[in-house]
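Novice: This is the content of query_3.pdb (PDB, C-alpha atoms, pLDDT in the B column):
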```pdb
ATOM      1  CA  MET A  18      22.933  70.609   0.455  1.00 68.00           C
ATOM      2  CA  ASN A  19      23.116  70.457  -3.315  1.00 75.00           C
ATOM      3  CA  GLN A  20      22.607  67.388  -5.488  1.00 75.00           C
ATOM      4  CA  GLU A  21      26.312  66.796  -6.074  1.00 80.00           C
ATOM      5  CA  GLU A  22      26.988  66.783  -2.335  1.00 80.00           C
ATOM      6  CA  ILE A  23      24.111  64.338  -1.750  1.00 78.00           C
ATOM      7  CA  ILE A  24      25.509  61.986  -4.398  1.00 80.00           C
ATOM      8  CA  TYR A  25      29.011  61.981  -2.891  1.00 82.00           C
ATOM      9  CA  LEU A  26      27.727  61.733   0.664  1.00 81.00           C
ATOM     10  CA  ILE A  27      25.579  58.665   0.012  1.00 85.00           C
ATOM     11  CA  ARG A  28      28.176  56.904  -2.147  1.00 87.00           C
ATOM     12  CA  LEU A  29      31.159  57.593   0.124  1.00 84.00           C
ATOM     13  CA  ALA A  30      29.305  56.762   3.321  1.00 85.00           C
ATOM     14  CA  ARG A  31      27.967  53.510   1.860  1.00 87.00           C
ATOM     15  CA  LYS A  32      31.357  52.465   0.490  1.00 89.00           C
ATOM     16  CA  GLY A  33      33.042  53.495   3.724  1.00 86.00           C
ATOM     17  CA  LYS A  34      30.782  51.088   5.590  1.00 89.00           C
ATOM     18  CA  LYS A  35      31.425  48.425   2.917  1.00 92.00           C
ATOM     19  CA  ILE A  36      27.711  48.112   2.218  1.00 94.00           C
ATOM     20  CA  SER A  37      26.454  47.269  -1.272  1.00 95.00           C
ATOM     21  CA  GLN A  38      23.569  49.124  -2.850  1.00 95.00           C
ATOM     22  CA  GLN A  39      21.506  45.953  -2.447  1.00 96.00           C
ATOM     23  CA  GLU A  40      22.306  45.751   1.269  1.00 96.00           C
ATOM     24  CA  LEU A  41      21.512  49.426   1.779  1.00 96.00           C
ATOM     25  CA  GLY A  42      18.251  48.900  -0.064  1.00 96.00           C
ATOM     26  CA  LYS A  43      17.292  46.050   2.263  1.00 96.00           C
ATOM     27  CA  MET A  44      18.253  48.078   5.330  1.00 96.00           C
ATOM     28  CA  THR A  45      16.203  51.104   4.272  1.00 96.00           C
ATOM     29  CA  GLY A  46      13.345  49.519   2.360  1.00 96.00           C
ATOM     30  CA  ILE A  47      14.383  51.533  -0.708  1.00 96.00           C
ATOM     31  CA  SER A  48      15.115  49.467  -3.807  1.00 96.00           C
ATOM     32  CA  HIS A  49      18.744  49.155  -4.829  1.00 95.00           C
ATOM     33  CA  GLN A  50      17.771  50.562  -8.240  1.00 96.00           C
ATOM     34  CA  ILE A  51      16.607  53.785  -6.565  1.00 95.00           C
ATOM     35  CA  ILE A  52      19.776  53.881  -4.427  1.00 94.00           C
ATOM     36  CA  SER A  53      21.757  53.576  -7.667  1.00 94.00           C
ATOM     37  CA  ARG A  54      19.733  56.411  -9.224  1.00 93.00           C
ATOM     38  CA  TYR A  55      20.498  58.607  -6.188  1.00 91.00           C
ATOM     39  CA  GLU A  56      24.211  57.858  -6.401  1.00 90.00           C
ATOM     40  CA  ASN A  57      24.313  58.505 -10.139  1.00 88.00           C
ATOM     41  CA  GLY A  58      22.429  61.792  -9.846  1.00 86.00           C
ATOM     42  CA  ALA A  59      19.495  60.564 -11.929  1.00 91.00           C
ATOM     43  CA  GLU A  60      17.117  61.145  -9.023  1.00 91.00           C
ATOM     44  CA  VAL A  61      17.223  63.230  -5.855  1.00 89.00           C
ATOM     45  CA  PRO A  62      15.996  61.622  -2.616  1.00 91.00           C
ATOM     46  CA  THR A  63      13.285  63.327  -0.649  1.00 90.00           C
ATOM     47  CA  ASN A  64      14.387  64.782   2.667  1.00 86.00           C
ATOM     48  CA  GLU A  65      12.765  61.864   4.486  1.00 90.00           C
ATOM     49  CA  LYS A  66      14.513  59.217   2.349  1.00 92.00           C
ATOM     50  CA  LEU A  67      17.834  61.034   2.633  1.00 89.00           C
ATOM     51  CA  GLN A  68      17.506  61.136   6.408  1.00 88.00           C
ATOM     52  CA  LEU A  69      16.626  57.430   6.463  1.00 93.00           C
ATOM     53  CA  ILE A  70      19.638  56.498   4.316  1.00 93.00           C
ATOM     54  CA  LEU A  71      22.005  58.650   6.357  1.00 88.00           C
ATOM     55  CA  SER A  72      20.614  57.264   9.602  1.00 90.00           C
ATOM     56  CA  VAL A  73      21.262  53.699   8.439  1.00 92.00           C
ATOM     57  CA  LEU A  74      24.784  54.755   7.425  1.00 90.00           C
ATOM     58  CA  GLY A  75      25.382  56.300  10.849  1.00 87.00           C
ATOM     59  CA  ILE A  76      25.429  59.938   9.746  1.00 84.00           C
ATOM     60  CA  GLU A  77      23.463  62.513  11.685  1.00 82.00           C
ATOM     61  CA  TYR A  78      21.624  64.670   9.141  1.00 76.00           C
ATOM     62  CA  GLU A  79      21.694  67.670  11.492  1.00 77.00           C
ATOM     63  CA  LYS A  80      25.509  67.545  11.688  1.00 79.00           C
ATOM     64  CA  ILE A  81      26.209  67.556   7.951  1.00 76.00           C
ATOM     65  CA  ASN A  82      27.015  71.277   7.909  1.00 76.00           C
ATOM     66  CA  ASP A  83      29.399  70.737  10.829  1.00 79.00           C
ATOM     67  CA  TYR A  84      31.113  67.994   8.818  1.00 75.00           C
ATOM     68  CA  LYS A  85      31.336  70.256   5.779  1.00 76.00           C
ATOM     69  CA  ARG A  86      32.939  73.038   7.845  1.00 81.00           C
ATOM     70  CA  GLU A  87      35.438  70.584   9.332  1.00 81.00           C
ATOM     71  CA  ILE A  88      36.362  69.261   5.884  1.00 77.00           C
ATOM     72  CA  GLU A  89      36.786  72.852   4.681  1.00 82.00           C
ATOM     73  CA  LYS A  90      39.180  73.551   7.578  1.00 83.00           C
ATOM     74  CA  ILE A  91      41.192  70.399   6.851  1.00 79.00           C
ATOM     75  CA  PHE A  92      41.388  71.241   3.152  1.00 79.00           C
ATOM     76  CA  ASN A  93      42.440  74.830   3.808  1.00 80.00           C
ATOM     77  CA  LYS A  94      45.152  73.694   6.230  1.00 79.00           C
ATOM     78  CA  PHE A  95      46.383  71.106   3.756  1.00 78.00           C
ATOM     79  CA  PHE A  96      46.323  73.639   0.939  1.00 75.00           C
ATOM     80  CA  ASP A  97      48.180  76.286   2.940  1.00 74.00           C
ATOM     81  CA  GLU A  98      50.821  73.905   4.258  1.00 72.00           C
ATOM     82  CA  THR A  99      51.388  72.300   0.865  1.00 70.00           C
ATOM     83  CA  PHE A 100      51.465  75.258  -1.466  1.00 63.00           C
ATOM     84  CA  TYR A 101      53.079  77.884   0.723  1.00 63.00           C
ATOM     85  CA  ARG A 102      56.129  75.645   0.936  1.00 63.00           C
ATOM     86  CA  LYS A 103      56.417  75.149  -2.806  1.00 59.00           C
ATOM     87  CA  ALA A 104      58.580  77.401  -4.922  1.00 56.00           C
ATOM     88  CA  ASN A 105      55.955  77.456  -7.648  1.00 62.00           C
ATOM     89  CA  TYR A 106      53.097  78.493  -5.346  1.00 64.00           C
ATOM     90  CA  LEU A 107      52.413  81.594  -7.452  1.00 65.00           C
ATOM     91  CA  LYS A 108      51.962  79.409 -10.533  1.00 68.00           C
ATOM     92  CA  TYR A 109      49.265  77.380  -8.753  1.00 66.00           C
ATOM     93  CA  LEU A 110      47.658  80.516  -7.365  1.00 64.00           C
ATOM     94  CA  ASP A 111      47.472  81.983 -10.884  1.00 68.00           C
ATOM     95  CA  ILE A 112      45.850  78.790 -12.238  1.00 67.00           C
ATOM     96  CA  ILE A 113      43.292  78.828  -9.429  1.00 64.00           C
ATOM     97  CA  LYS A 114      42.482  82.497  -9.966  1.00 63.00           C
ATOM     98  CA  LYS A 115      42.017  81.974 -13.702  1.00 65.00           C
ATOM     99  CA  SER A 116      39.719  79.016 -13.002  1.00 62.00           C
ATOM    100  CA  LYS A 117      37.658  80.763 -10.331  1.00 58.00           C
ATOM    101  CA  GLU A 118      34.447  80.635 -12.375  1.00 58.00           C
ATOM    102  CA  LYS A 119      34.732  76.857 -12.739  1.00 57.00           C
ATOM    103  CA  PHE A 120      35.506  76.509  -9.035  1.00 54.00           C
ATOM    104  CA  SER A 121      32.367  78.370  -8.030  1.00 52.00           C
ATOM    105  CA  GLN A 122      30.182  75.880  -9.889  1.00 53.00           C
ATOM    106  CA  THR A 123      31.658  72.643  -8.551  1.00 57.00           C
ATOM    107  CA  TYR A 124      34.123  73.811  -5.933  1.00 56.00           C
ATOM    108  CA  ASN A 125      34.425  70.565  -3.969  1.00 59.00           C
ATOM    109  CA  TYR A 126      35.243  68.586  -7.113  1.00 56.00           C
ATOM    110  CA  TYR A 127      38.168  70.857  -7.858  1.00 59.00           C
ATOM    111  CA  LYS A 128      39.433  70.610  -4.311  1.00 65.00           C
ATOM    112  CA  ILE A 129      39.775  66.894  -4.849  1.00 52.00           C
ATOM    113  CA  GLU A 130      41.509  67.480  -8.183  1.00 59.00           C
ATOM    114  CA  ILE A 131      44.013  69.844  -6.546  1.00 61.00           C
ATOM    115  CA  ILE A 132      44.780  67.363  -3.783  1.00 55.00           C
ATOM    116  CA  GLU A 133      45.317  64.620  -6.360  1.00 49.00           C
ATOM    117  CA  LEU A 134      47.754  66.838  -8.287  1.00 58.00           C
ATOM    118  CA  VAL A 135      49.931  67.169  -5.217  1.00 54.00           C
TER     119      VAL A 135
END
```
With the file now loaded, output its structure as structure tokens.
Specialist:
Amino acid sequence: MNQEEIIYLIRLARKGKKISQQELGKMTGISHQIISRYENGAEVPTNEKLQLILSVLGIEYEKINDYKREIEKIFNKFFDETFYRKANYLKYLDIIKKSKEKFSQTYNYYKIEIIELV
């Protein structure tokens, strides 16, 4: 799991549970300032702290790759069903191909951008 994925995972899981950084800090024993640094990418949690945070948020660390594969399947299905029906599919395909280098660096970010365009 790369740093960008850790940042999104912690932030989205915490917000999904409607837990503030202060509350998460109290629940884990990690200061809310450190939680903030994790979420902003200024610091990377150790494996142990990441597992603790995820455990408190109800996410099984061992299943993260399963979740990522499931999200990939959902995205691919969405992408296929959306763009194959559009008359300008080839235009989008050309844009994606031209941007392939950018996609390889932060691929998940661009998936979100594509979904938001639709």
Novice: Kindly indicate which residue among A:Arg31, A:Lys80, A:Ser72, A:Asn93 lies nearest to A:Ile52, using all atoms listed in the file for the distances.
Specialist: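 Under the stated criterion, the closest residue is A:Arg31.
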Novice: From the list A:Ile24, A:Ile81, A:Ile70, A:Leu41, which residue is nearest A:Asn57 when using all atoms listed in the file?
Specialist: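 Under the stated criterion, the closest residue is A:Ile24.
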Novice: Which residue out of A:Ile91, A:Val61, A:Leu67, A:Val73 has the minimum interatomic distance to A:Gln20 when only C-alpha atoms are used?
Specialist: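 Once distances to A:Gln20 are computed over only C-alpha atoms, the minimum belongs to A:Val61.
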Novice: So the first atom is atom CA of A:Ile23 and the second is atom CA of A:Glu56; what is the distance between them in Å, to one decimal place?
Specialist: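 A separation of 8.0 Å between them.
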Novice: Determine the nearest neighbour of A:Glu21 from the options A:Gly58, A:Gly33, A:Gly75, A:Gly42, counting all atoms listed in the file.
Specialist: A:Gly58
Novice: I'd like the interatomic distance between atom CA of A:Ile51 and atom CA of A:Ser37, to a tenth of an Å.
Specialist: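 Atom-to-atom, atom CA of A:Ile51 to atom CA of A:Ser37, that is 12.9 Å.
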Novice: Under the rule that only C-alpha atoms are counted, which of A:Tyr55, A:Ile47, A:Lys34, A:Glu22 is the nearest residue to A:Asn82?
Specialist: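 Among A:Tyr55, A:Ile47, A:Lys34, A:Glu22, it is A:Glu22 that comes nearest to A:Asn82.
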Novice: Closest to A:Thr45 among A:Pro62, A:Leu69, A:Phe96, A:Ala30, using only C-alpha atoms?
Specialist: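 Closest residue, counting only C-alpha atoms: A:Leu69.
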Novice: For atom CA of A:Ile27 and atom CA of A:Arg54, determine how far apart the two atoms are, in Å to one decimal place.
Specialist: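 Spanning atom CA of A:Ile27 to atom CA of A:Arg54 is a straight-line distance of 11.2 Å.
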